[in-house]
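Enquirer: For reference, the file query-v9.txt (compact mmCIF, C-alpha atoms) is included below:
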```txt
# COMPACT_ATOMS: atom_id res chain seq x y z
CA MET A 1 -79.35 104.18 40.46
CA VAL A 2 -82.89 105.52 40.25
CA ALA A 3 -84.16 102.57 42.32
CA ALA A 4 -81.53 103.30 44.98
CA VAL A 5 -82.62 106.94 45.18
CA SER A 6 -86.27 105.84 45.37
CA GLN A 7 -85.47 103.44 48.19
CA SER A 8 -83.58 106.19 50.00
CA GLU A 9 -86.55 108.53 49.67
CA SER A 10 -88.98 105.89 50.91
CA GLY A 11 -86.71 105.28 53.89
CA ARG A 12 -86.74 108.99 54.72
CA ASN A 13 -90.53 109.12 54.36
CA ARG A 14 -90.92 106.14 56.68
CA LYS A 15 -88.65 107.69 59.28
CA LEU A 16 -90.52 111.00 59.00
CA LEU A 17 -93.92 109.38 59.52
CA LEU A 18 -92.76 107.02 62.26
CA GLY A 19 -90.57 109.66 63.90
CA ILE A 20 -93.46 112.11 64.19
CA GLY A 21 -95.82 109.35 65.28
CA TYR A 22 -93.63 108.01 68.08
CA LEU A 23 -92.52 111.51 69.10
CA VAL A 24 -96.10 112.71 69.52
CA GLN A 25 -97.07 109.53 71.37
CA GLY A 26 -94.07 110.03 73.64
CA LEU A 27 -95.37 113.51 74.38
CA ARG A 28 -98.57 112.04 75.82
CA CYS A 29 -96.94 112.32 79.24
CA PHE A 30 -97.39 116.11 78.93
CA PRO A 31 -101.22 116.20 79.13
CA TRP A 32 -101.29 113.18 81.43
CA MET A 33 -99.24 115.08 84.00
CA GLY A 34 -102.00 117.68 83.90
CA VAL A 35 -104.61 114.92 84.29
CA ILE A 36 -102.96 113.54 87.45
CA PHE A 37 -102.77 116.94 89.16
CA PHE A 38 -106.25 117.87 87.92
CA LEU A 39 -107.70 114.72 89.50
CA LYS A 40 -105.75 115.20 92.74
CA ASP A 41 -106.20 118.94 93.23
CA GLY A 42 -109.24 119.76 91.09
CA LEU A 43 -111.53 116.76 91.67
CA ARG A 44 -109.73 115.67 94.89
CA VAL A 45 -109.88 111.94 94.26
CA GLU A 46 -108.29 109.34 96.55
CA PRO A 47 -105.03 107.55 95.58
CA SER A 48 -106.91 104.30 94.87
CA THR A 49 -109.44 106.13 92.68
CA LEU A 50 -106.64 107.86 90.77
CA GLN A 51 -104.88 104.55 90.12
CA ILE A 52 -108.10 102.80 89.09
CA LEU A 53 -108.85 105.59 86.59
CA GLN A 54 -105.30 105.56 85.21
CA ASN A 55 -105.49 101.83 84.58
CA SER A 56 -109.12 101.70 83.44
CA ALA A 57 -108.37 104.38 80.84
CA ASN A 58 -106.08 101.81 79.19
CA LEU A 59 -108.97 99.45 78.42
CA PRO A 60 -109.05 100.46 74.70
CA MET A 61 -105.46 99.22 74.48
CA VAL A 62 -106.68 95.68 75.20
CA ALA A 63 -108.58 95.64 71.88
CA LYS A 64 -105.39 96.20 69.90
CA PRO A 65 -105.56 92.79 68.16
CA PHE A 66 -108.89 93.85 66.65
CA TYR A 67 -107.34 97.07 65.32
CA GLY A 68 -104.35 95.08 64.05
CA ILE A 69 -106.48 92.58 62.16
CA LEU A 70 -108.59 95.45 60.83
CA SER A 71 -105.55 97.34 59.49
CA ASP A 72 -104.06 94.14 58.04
CA SER A 73 -107.23 93.14 56.19
CA PHE A 74 -109.27 96.31 55.52
CA TYR A 75 -107.70 98.83 53.14
CA ILE A 76 -108.89 102.45 52.96
CA PHE A 77 -108.31 104.00 49.50
CA GLY A 78 -105.71 101.31 48.85
CA GLN A 79 -103.85 102.01 52.10
CA HIS A 80 -103.87 100.07 55.36
CA ARG A 81 -101.50 101.92 57.68
CA VAL A 82 -101.52 105.70 57.08
CA PRO A 83 -105.35 106.15 57.22
CA TYR A 84 -105.44 104.48 60.64
CA ILE A 85 -102.70 106.79 61.93
CA ALA A 86 -104.76 109.77 60.74
CA LEU A 87 -107.92 108.39 62.38
CA GLY A 88 -106.14 107.79 65.68
CA ALA A 89 -104.63 111.27 65.72
CA PHE A 90 -108.06 112.79 65.02
CA LEU A 91 -109.74 110.90 67.91
CA GLN A 92 -107.00 111.98 70.30
CA ALA A 93 -107.20 115.61 69.21
CA LEU A 94 -110.98 115.56 69.60
CA SER A 95 -110.84 114.16 73.14
CA TRP A 96 -108.10 116.44 74.53
CA ILE A 97 -109.64 119.58 73.04
CA ALA A 98 -113.04 118.55 74.46
CA ILE A 99 -111.54 118.23 77.96
CA ALA A 100 -109.77 121.59 77.53
CA ILE A 101 -112.87 123.56 76.58
CA SER A 102 -115.10 121.91 79.21
CA GLY A 103 -113.54 123.87 82.06
CA LYS A 104 -113.00 122.74 85.66
CA SER A 105 -116.61 123.32 86.72
CA GLY A 106 -118.11 121.86 83.56
CA ILE A 107 -116.50 118.43 83.66
CA SER A 108 -117.26 115.53 85.98
CA PHE A 109 -115.24 112.48 86.94
CA PHE A 110 -117.28 110.31 84.57
CA SER A 111 -117.03 112.69 81.60
CA ILE A 112 -113.25 113.00 81.91
CA THR A 113 -113.10 109.19 82.13
CA PHE A 114 -115.02 108.97 78.84
CA TYR A 115 -112.72 111.45 77.09
CA LEU A 116 -109.60 109.68 78.38
CA LEU A 117 -110.97 106.38 77.07
CA LEU A 118 -111.57 108.03 73.68
CA SER A 119 -108.05 109.46 73.71
CA ASN A 120 -106.52 106.07 74.46
CA LEU A 121 -108.66 104.50 71.75
CA GLY A 122 -107.07 106.88 69.25
CA ALA A 123 -103.61 106.32 70.71
CA SER A 124 -103.99 102.55 70.48
CA ILE A 125 -105.02 102.74 66.82
CA VAL A 126 -101.98 104.90 66.04
CA GLU A 127 -99.66 102.59 67.96
CA VAL A 128 -100.98 99.49 66.17
CA ALA A 129 -100.39 101.03 62.74
CA ASN A 130 -96.94 102.33 63.71
CA ASP A 131 -95.87 99.06 65.33
CA ALA A 132 -97.06 97.11 62.30
CA MET A 133 -95.02 99.30 59.94
CA VAL A 134 -91.94 98.80 62.09
CA ALA A 135 -92.49 95.03 62.22
CA GLU A 136 -93.14 94.52 58.52
CA THR A 137 -90.29 96.83 57.51
CA ALA A 138 -87.97 94.84 59.79
CA LYS A 139 -88.92 91.72 57.81
CA GLN A 140 -87.87 93.25 54.47
CA ARG A 141 -84.77 91.79 52.91
CA PRO A 142 -81.93 94.20 52.12
CA SER A 143 -81.75 95.26 48.49
CA SER A 144 -77.97 94.90 48.40
CA LYS A 145 -75.24 93.19 50.38
CA LYS A 146 -74.10 96.53 51.72
CA THR A 147 -77.49 97.24 53.21
CA LYS A 148 -78.05 95.98 56.72
CA PRO A 149 -81.39 94.27 57.36
CA SER A 150 -83.86 96.21 59.45
CA SER A 151 -84.39 93.16 61.63
CA SER A 152 -81.09 93.96 63.30
CA GLY A 153 -83.09 96.34 65.47
CA GLU A 154 -82.02 99.66 63.90
CA LEU A 155 -85.55 100.85 63.12
CA GLN A 156 -86.85 99.65 66.49
CA SER A 157 -84.10 101.63 68.20
CA PHE A 158 -84.93 104.71 66.09
CA VAL A 159 -88.61 104.76 67.05
CA TRP A 160 -87.72 103.92 70.66
CA MET A 161 -85.47 106.97 70.77
CA ALA A 162 -88.11 109.16 69.09
CA SER A 163 -90.62 108.13 71.75
CA SER A 164 -88.05 108.72 74.49
CA ILE A 165 -87.23 112.20 73.18
CA GLY A 166 -90.95 112.98 73.23
CA GLY A 167 -91.08 111.77 76.82
CA VAL A 168 -88.10 113.91 77.84
CA VAL A 169 -89.54 117.06 76.25
CA GLY A 170 -93.07 116.37 77.47
CA ASN A 171 -92.06 115.81 81.08
CA LEU A 172 -89.62 118.73 81.08
CA ILE A 173 -92.22 121.18 79.79
CA GLY A 174 -95.00 119.57 81.82
CA GLY A 175 -93.12 119.92 85.11
CA VAL A 176 -92.83 123.65 84.51
CA ALA A 177 -96.23 124.18 82.86
CA ILE A 178 -98.19 122.58 85.71
CA ASP A 179 -97.12 125.48 87.97
CA LYS A 180 -97.54 128.21 85.35
CA PHE A 181 -100.69 127.19 83.48
CA SER A 182 -103.94 125.37 84.12
CA PRO A 183 -104.27 121.68 83.17
CA GLN A 184 -106.88 122.71 80.58
CA MET A 185 -104.23 124.78 78.78
CA MET A 186 -101.94 121.73 78.69
CA PHE A 187 -104.76 119.65 77.21
CA LEU A 188 -105.42 122.31 74.55
CA VAL A 189 -101.76 122.57 73.52
CA TYR A 190 -101.46 118.82 73.07
CA GLY A 191 -104.75 118.71 71.16
CA ILE A 192 -103.43 121.32 68.72
CA LEU A 193 -100.22 119.32 68.30
CA LEU A 194 -102.29 116.25 67.41
CA CYS A 195 -104.14 118.35 64.82
CA PHE A 196 -100.79 119.07 63.15
CA GLN A 197 -99.95 115.35 63.15
CA PHE A 198 -103.33 114.63 61.58
CA LEU A 199 -102.75 117.19 58.80
CA ILE A 200 -99.20 115.98 58.09
CA THR A 201 -100.40 112.38 57.87
CA LEU A 202 -103.08 113.34 55.34
CA PHE A 203 -100.38 114.57 52.93
CA ILE A 204 -98.34 111.33 53.05
CA ARG A 205 -99.24 108.59 50.58
CA GLU A 206 -98.56 105.03 51.67
CA SER A 207 -97.12 104.25 48.23
CA SER A 208 -94.21 106.58 49.03
CA LEU A 209 -93.21 104.45 52.02
CA ASP A 210 -92.26 101.33 50.02
CA LEU A 211 -93.96 99.03 52.51
CA PRO A 212 -93.91 95.30 51.66
CA LYS A 213 -96.99 94.09 49.86
CA ASN A 214 -99.25 92.07 52.12
CA PRO A 215 -99.58 88.63 50.55
CA SER A 216 -102.54 87.86 52.79
CA HIS A 217 -104.79 90.79 51.83
CA ILE A 218 -107.65 88.34 52.41
CA GLY A 219 -110.31 89.81 54.60
CA PHE A 220 -111.10 90.06 58.27
CA LYS A 221 -112.11 86.45 59.01
CA LYS A 222 -109.10 84.85 57.35
CA GLN A 223 -106.80 87.43 58.92
CA PHE A 224 -108.20 86.43 62.31
CA LEU A 225 -107.44 82.79 61.52
CA GLU A 226 -103.91 83.81 60.51
CA LEU A 227 -103.49 85.37 63.95
CA LEU A 228 -104.79 82.23 65.65
CA ASN A 229 -102.35 80.10 63.65
CA ALA A 230 -99.48 82.41 64.58
CA MET A 231 -100.43 82.17 68.25
CA LYS A 232 -100.29 78.38 68.03
CA LYS A 233 -96.52 78.59 67.57
CA PRO A 234 -95.04 77.74 70.99
CA GLU A 235 -92.20 80.28 70.73
CA ILE A 236 -94.74 83.09 70.16
CA LEU A 237 -97.40 81.94 72.63
CA TYR A 238 -94.99 81.19 75.49
CA SER A 239 -93.04 84.41 74.98
CA ILE A 240 -96.14 86.62 75.07
CA THR A 241 -97.59 84.70 78.02
CA TRP A 242 -94.41 85.11 80.06
CA PHE A 243 -94.01 88.76 79.11
CA ALA A 244 -97.58 89.63 80.11
CA PHE A 245 -97.26 87.66 83.35
CA SER A 246 -94.02 89.49 84.20
CA TYR A 247 -96.04 92.72 84.36
CA ALA A 248 -99.37 91.46 85.72
CA VAL A 249 -97.84 89.76 88.74
CA ILE A 250 -96.37 93.05 90.02
CA PRO A 251 -98.79 95.07 92.19
CA ALA A 252 -98.35 98.63 90.91
CA LEU A 253 -98.15 101.29 93.62
CA THR A 254 -97.70 104.30 91.32
CA GLY A 255 -100.74 106.21 92.60
CA THR A 256 -99.78 105.55 96.20
CA MET A 257 -96.18 106.68 95.62
CA PHE A 258 -97.40 109.82 93.85
CA TYR A 259 -99.51 110.80 96.87
CA TYR A 260 -96.69 109.85 99.25
CA GLN A 261 -94.27 112.13 97.41
CA THR A 262 -96.64 115.08 96.96
CA GLU A 263 -98.75 114.94 100.13
CA HIS A 264 -96.42 113.38 102.72
CA LEU A 265 -92.98 114.53 101.51
CA LYS A 266 -94.34 117.75 99.91
CA ILE A 267 -92.24 117.22 96.77
CA GLU A 268 -92.93 120.03 94.29
CA SER A 269 -94.41 119.31 90.88
CA SER A 270 -91.33 120.73 89.15
CA VAL A 271 -89.17 118.12 90.92
CA LEU A 272 -91.53 115.37 89.78
CA GLY A 273 -91.26 116.75 86.25
CA ILE A 274 -87.46 116.64 86.42
CA SER A 275 -87.70 113.09 87.79
CA LYS A 276 -89.73 112.02 84.78
CA VAL A 277 -87.29 113.80 82.46
CA PHE A 278 -84.43 111.90 84.04
CA GLY A 279 -86.35 108.67 83.53
CA GLN A 280 -87.08 109.43 79.88
CA ALA A 281 -83.42 110.35 79.36
CA ALA A 282 -82.55 106.93 80.78
CA MET A 283 -84.92 105.35 78.25
CA LEU A 284 -83.27 107.30 75.45
CA LEU A 285 -79.83 106.19 76.64
CA TRP A 286 -81.06 102.61 76.84
CA GLY A 287 -82.13 102.77 73.19
CA VAL A 288 -78.71 104.06 72.13
CA VAL A 289 -76.79 101.53 74.22
CA TYR A 290 -78.95 98.66 73.02
CA ASN A 291 -78.53 99.62 69.37
CA ARG A 292 -74.75 99.90 69.65
CA HIS A 293 -73.73 97.26 72.16
CA LEU A 294 -76.52 94.94 73.30
CA LYS A 295 -78.18 93.66 70.11
CA SER A 296 -75.92 90.61 70.04
CA ILE A 297 -76.87 89.59 73.59
CA SER A 298 -79.65 87.05 74.08
CA SER A 299 -83.08 88.67 74.49
CA ARG A 300 -83.80 86.29 77.36
CA LYS A 301 -80.72 87.43 79.27
CA LEU A 302 -81.49 91.11 78.75
CA ILE A 303 -85.14 90.80 79.76
CA THR A 304 -84.26 88.74 82.85
CA ALA A 305 -81.59 91.25 83.86
CA VAL A 306 -84.13 94.09 83.64
CA GLN A 307 -86.60 92.11 85.76
CA VAL A 308 -84.00 91.61 88.50
CA SER A 309 -83.04 95.29 88.33
CA MET A 310 -86.67 96.27 88.88
CA ALA A 311 -86.78 94.23 92.10
CA ILE A 312 -83.55 95.85 93.32
CA PHE A 313 -84.97 99.33 92.70
CA MET A 314 -88.14 98.40 94.60
CA ILE A 315 -86.05 97.33 97.59
CA SER A 316 -84.33 100.70 97.29
CA ASP A 317 -87.78 102.34 97.48
CA PHE A 318 -88.38 100.38 100.68
CA LEU A 319 -85.20 101.85 102.17
CA PHE A 320 -86.25 105.30 100.95
CA VAL A 321 -89.66 105.15 102.64
CA LYS A 322 -88.01 103.86 105.84
CA GLY A 323 -85.84 106.99 105.83
CA VAL A 324 -82.50 105.21 105.41
CA TYR A 325 -81.24 107.49 102.63
CA GLN A 326 -82.29 110.60 104.51
CA GLN A 327 -80.28 109.41 107.52
CA ILE A 328 -77.12 109.21 105.39
CA GLY A 329 -77.67 112.73 104.05
CA LEU A 330 -79.42 112.11 100.71
CA PRO A 331 -82.31 114.59 100.26
CA ASP A 332 -85.70 113.16 99.34
CA SER A 333 -85.90 115.33 96.22
CA VAL A 334 -82.58 113.98 94.91
CA TYR A 335 -83.73 110.38 95.40
CA VAL A 336 -87.04 111.09 93.65
CA VAL A 337 -85.23 112.58 90.66
CA LEU A 338 -82.49 109.96 90.31
CA ILE A 339 -83.96 106.67 91.49
CA SER A 340 -87.74 107.05 91.28
CA GLY A 341 -87.44 108.49 87.78
CA VAL A 342 -85.46 105.50 86.55
CA LEU A 343 -87.71 102.92 88.27
CA GLU A 344 -90.79 104.43 86.62
CA VAL A 345 -89.38 103.74 83.14
CA LEU A 346 -87.45 100.58 84.00
CA TYR A 347 -90.73 98.71 83.50
CA PHE A 348 -90.50 99.54 79.80
CA PHE A 349 -86.84 98.62 79.23
CA LYS A 350 -87.87 95.03 78.48
CA ILE A 351 -90.09 96.10 75.60
CA LEU A 352 -87.24 97.02 73.23
CA PRO A 353 -85.43 93.63 73.17
CA PHE A 354 -88.79 91.86 73.25
CA SER A 355 -90.11 93.83 70.26
CA VAL A 356 -86.98 92.93 68.29
CA LEU A 357 -87.51 89.28 69.19
CA MET A 358 -91.18 89.36 68.19
CA ALA A 359 -90.36 91.09 64.89
CA LYS A 360 -88.26 88.04 64.02
CA LEU A 361 -91.03 85.65 65.05
CA CYS A 362 -93.94 87.43 63.29
CA PRO A 363 -95.24 85.44 60.28
CA PRO A 364 -95.37 87.48 57.06
CA GLY A 365 -98.70 89.15 56.39
CA CYS A 366 -100.00 89.42 59.96
CA GLU A 367 -97.33 91.60 61.57
CA GLY A 368 -99.94 94.17 62.55
CA SER A 369 -102.23 91.72 64.33
CA VAL A 370 -99.42 89.82 66.10
CA MET A 371 -97.64 92.96 67.32
CA ALA A 372 -101.02 94.37 68.31
CA PHE A 373 -101.71 91.24 70.32
CA VAL A 374 -98.37 91.70 72.09
CA MET A 375 -99.18 95.29 73.05
CA SER A 376 -102.72 94.27 74.01
CA ALA A 377 -101.37 91.62 76.37
CA ILE A 378 -99.03 94.21 77.91
CA ALA A 379 -101.89 96.71 78.31
CA LEU A 380 -104.09 94.09 79.98
CA ALA A 381 -101.18 93.10 82.23
CA PHE A 382 -100.73 96.73 83.32
CA ILE A 383 -104.45 97.00 84.11
CA VAL A 384 -104.31 93.83 86.21
CA SER A 385 -101.14 95.14 87.86
CA GLY A 386 -102.89 98.41 88.71
CA TYR A 387 -105.92 96.71 90.27
CA PHE A 388 -103.58 94.31 92.08
CA GLY A 389 -101.75 97.36 93.46
CA VAL A 390 -105.00 98.92 94.72
CA ALA A 391 -105.78 95.64 96.52
CA LEU A 392 -102.28 95.54 98.01
CA ALA A 393 -102.52 99.16 99.22
CA SER A 394 -105.83 98.32 100.89
CA TYR A 395 -104.34 95.18 102.45
CA VAL A 396 -101.39 97.03 104.04
CA GLY A 397 -103.65 99.90 105.12
CA VAL A 398 -102.30 102.70 102.91
CA ASN A 399 -104.52 105.69 102.05
CA GLY A 400 -104.14 109.41 101.31
CA ASP A 401 -103.35 110.21 104.96
CA ASP A 402 -101.68 107.06 106.33
CA PHE A 403 -98.57 105.62 104.65
CA SER A 404 -97.33 103.46 107.54
CA GLY A 405 -97.98 100.24 105.62
CA LEU A 406 -96.14 101.38 102.47
CA PRO A 407 -92.76 99.74 103.34
CA GLN A 408 -94.46 96.36 103.73
CA GLY A 409 -96.24 96.87 100.41
CA LEU A 410 -92.96 97.66 98.65
CA LEU A 411 -91.34 94.47 99.95
CA ILE A 412 -94.27 92.39 98.73
CA GLN A 413 -93.99 94.17 95.37
CA ALA A 414 -90.27 93.29 95.09
CA VAL A 415 -90.91 89.62 95.85
CA CYS A 416 -93.68 89.44 93.23
CA THR A 417 -91.32 91.00 90.66
CA LEU A 418 -88.86 88.13 91.04
CA LEU A 419 -91.46 85.37 90.50
CA PRO A 420 -91.42 85.40 86.65
CA ILE A 421 -87.67 84.75 86.57
CA PHE A 422 -88.29 81.10 87.45
CA ARG A 423 -90.08 80.69 84.09
CA ALA A 424 -87.69 82.74 81.94
CA SER A 425 -87.04 79.63 79.83
CA TRP A 426 -90.36 80.37 78.09
CA ILE A 427 -88.52 83.11 76.15
CA PRO A 428 -86.65 81.46 73.26
CA GLU A 429 -82.93 81.88 72.97
CA ASP A 430 -81.89 83.90 69.91
CA VAL A 431 -79.53 81.11 68.74
CA LYS A 432 -82.39 78.62 68.70
CA LEU A 433 -84.61 81.16 66.99
CA LYS A 434 -82.12 81.62 64.16
CA GLY A 435 -81.93 77.90 63.74
CA LYS A 436 -85.68 77.69 63.28
CA GLN A 437 -85.74 80.48 60.76
CA ASN A 438 -83.09 79.00 58.51
```
Would you kindly transcribe this structure into structure tokens?

Expert:
Amino acid sequence: MVAAVSQSESGRNRKLLLGIGYLVQGLRCFPWMGVIFFLKDGLRVEPSTLQILQNSANLPMVAKPFYGILSDSFYIFGQHRVPYIALGAFLQALSWIAIAISGKSGISFFSITFYLLLSNLGASIVEVANDAMVAETAKQRPSSKKTKPSSSGELQSFVWMASSIGGVVGNLIGGVAIDKFSPQMMFLVYGILLCFQFLITLFIRESSLDLPKNPSHIGFKKQFLELLNAMKKPEILYSITWFAFSYAVIPALTGTMFYYQTEHLKIESSVLGISKVFGQAAMLLWGVVYNRHLKSISSRKLITAVQVSMAIFMISDFLFVKGVYQQIGLPDSVYVVLISGVLEVLYFFKILPFSVLMAKLCPPGCEGSVMAFVMSAIALAFIVSGYFGVALASYVGVNGDDFSGLPQGLLIQAVCTLLPIFRASWIPEDVKLKGKQN
């Protein structure tokens, strides 16, 4: 009976730590909304420059396997997850507060780039530690027959929803705050919030989380070899390769669309905020629906269906830019809120079923490094996608004043989105996966 109570308490502690962690990371959209408007209105950068900065700031995310191997093999005061969460929160708080106190006249394009890189370094360290805890907890066997295994996706759905709630709140407040306060105030508020996360994390001992003992607490070099051995498994290597390719092959036009909506259509920032809230609400709903109804469906089928849906939404954007919806009486602001908001987050819908699949495939002892490699591949794919999008915008002749080539760019984007479907067989079927595990 005492053991059951202890396990219940450890479960609550895990959900508290992970809930706060994913919630705060979901709230990152709040200061980033300030960054986008600060770059556009304060530093007056071009759409291509804005998109290059947005994607280049994600470079620290590419080194996630290094952070994963480090957290798997190097313990700090007998702990290898919680200290890294605290470190990541501290680096983020330091960077956002530094941007806030610099002032508009005291910060240059290069200095804000440095601070954003530092912020994403901290965020990537936090995400690696959090993702590793989710993965290794999902591998734990239930203590009784009545207890459902975490690998069913329950914990993944919980943290997904926590992140989505953070996104909803962050975008809702951000859409209003950008008109009422300066971007520096938004940076300061988020920096203070990160300070609270840092302090809370300091008071949580890893021993209270009942994490599985790492049988391969063996050092950095051997942990790296463990990762290489895991990546030699075809079902892991092919899945990650396909998943990264499915993002990298799509030329992202997010910066161009942002300028089109704000400069050409004169969409207000509050409408963009509501659009992002609607998108985050869709992500939250997706987490609930997946947890209740879609877990039994093949991951390959779900991921492929999302990929096709993305292409359909991009064709809808083509019709939007051509003015088709306006001709039938649909206001631009309504389309931006309902359709653009969903398309922006639809990119991430694939991550939930894929993370559940990878949690099943992760070898024991190197969950952190394998899941970090997955997120690193996704981050690198997004960077390639962003640069690819800048090249596409240049090719079709789109800039801050001329959007005549945007419809052609959107059609090319939709075609590129469909290309990975022809190699969807690289994602293993869940039935085959179960057979291999038994």

Enquirer: In Å, with one decimal, what is the gap from CA of His264 (chain A) to CA of Ile178 (chain A)?

Expert: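 So the answer is 19.4 Å.
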
Enquirer: Which residue gives the smallest distance to Ser71 (chain A) among A:Val24, A:Leu59, A:Val356, A:Val128, with all atoms listed in the file counted?

Expert: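 Distance minimum relative to Ser71 (chain A) lands on A:Val128.
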
Enquirer: Using all atoms listed in the file, which residue out of A:Gly386, A:Gly11, A:Gly279, A:Gly42 lies closest to Glu344 (chain A)?

Expert: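 Closest to Glu344 (chain A), using all atoms listed in the file: A:Gly279.
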
Enquirer: Using all atoms listed in the file for the distances, tell me which of A:Leu410, A:Leu116, A:Val374, A:Val398 is nearest to Trp242 (chain A).

Expert: A:Val374

Enquirer: I'd like the contact shell of region 76-89 of chain A - 7 Å cut-off, all atoms listed in the file, skipping same-chain residues fewer than 2 positions apart - returned as a JSON list (two decimals) with C-alpha atoms, in the coordinates of the input.

Expert:
```
[["chain", "number", "residue", "atom", "x", "y", "z"],
["A", 71, "SER", "CA", -105.55, 97.34, 59.49],
["A", 72, "ASP", "CA", -104.06, 94.14, 58.04],
["A", 74, "PHE", "CA", -109.27, 96.31, 55.52],
["A", 91, "LEU", "CA", -109.74, 110.90, 67.91],
["A", 92, "GLN", "CA", -107.00, 111.98, 70.30],
["A", 93, "ALA", "CA", -107.20, 115.61, 69.21],
["A", 122, "GLY", "CA", -107.07, 106.88, 69.25],
["A", 123, "ALA", "CA", -103.61, 106.32, 70.71],
["A", 125, "ILE", "CA", -105.02, 102.74, 66.82],
["A", 126, "VAL", "CA", -101.98, 104.90, 66.04],
["A", 129, "ALA", "CA", -100.39, 101.03, 62.74],
["A", 194, "LEU", "CA", -102.29, 116.25, 67.41],
["A", 197, "GLN", "CA", -99.95, 115.35, 63.15],
["A", 198, "PHE", "CA", -103.33, 114.63, 61.58],
["A", 201, "THR", "CA", -100.40, 112.38, 57.87],
["A", 202, "LEU", "CA", -103.08, 113.34, 55.34],
["A", 206, "GLU", "CA", -98.56, 105.03, 51.67]]
```
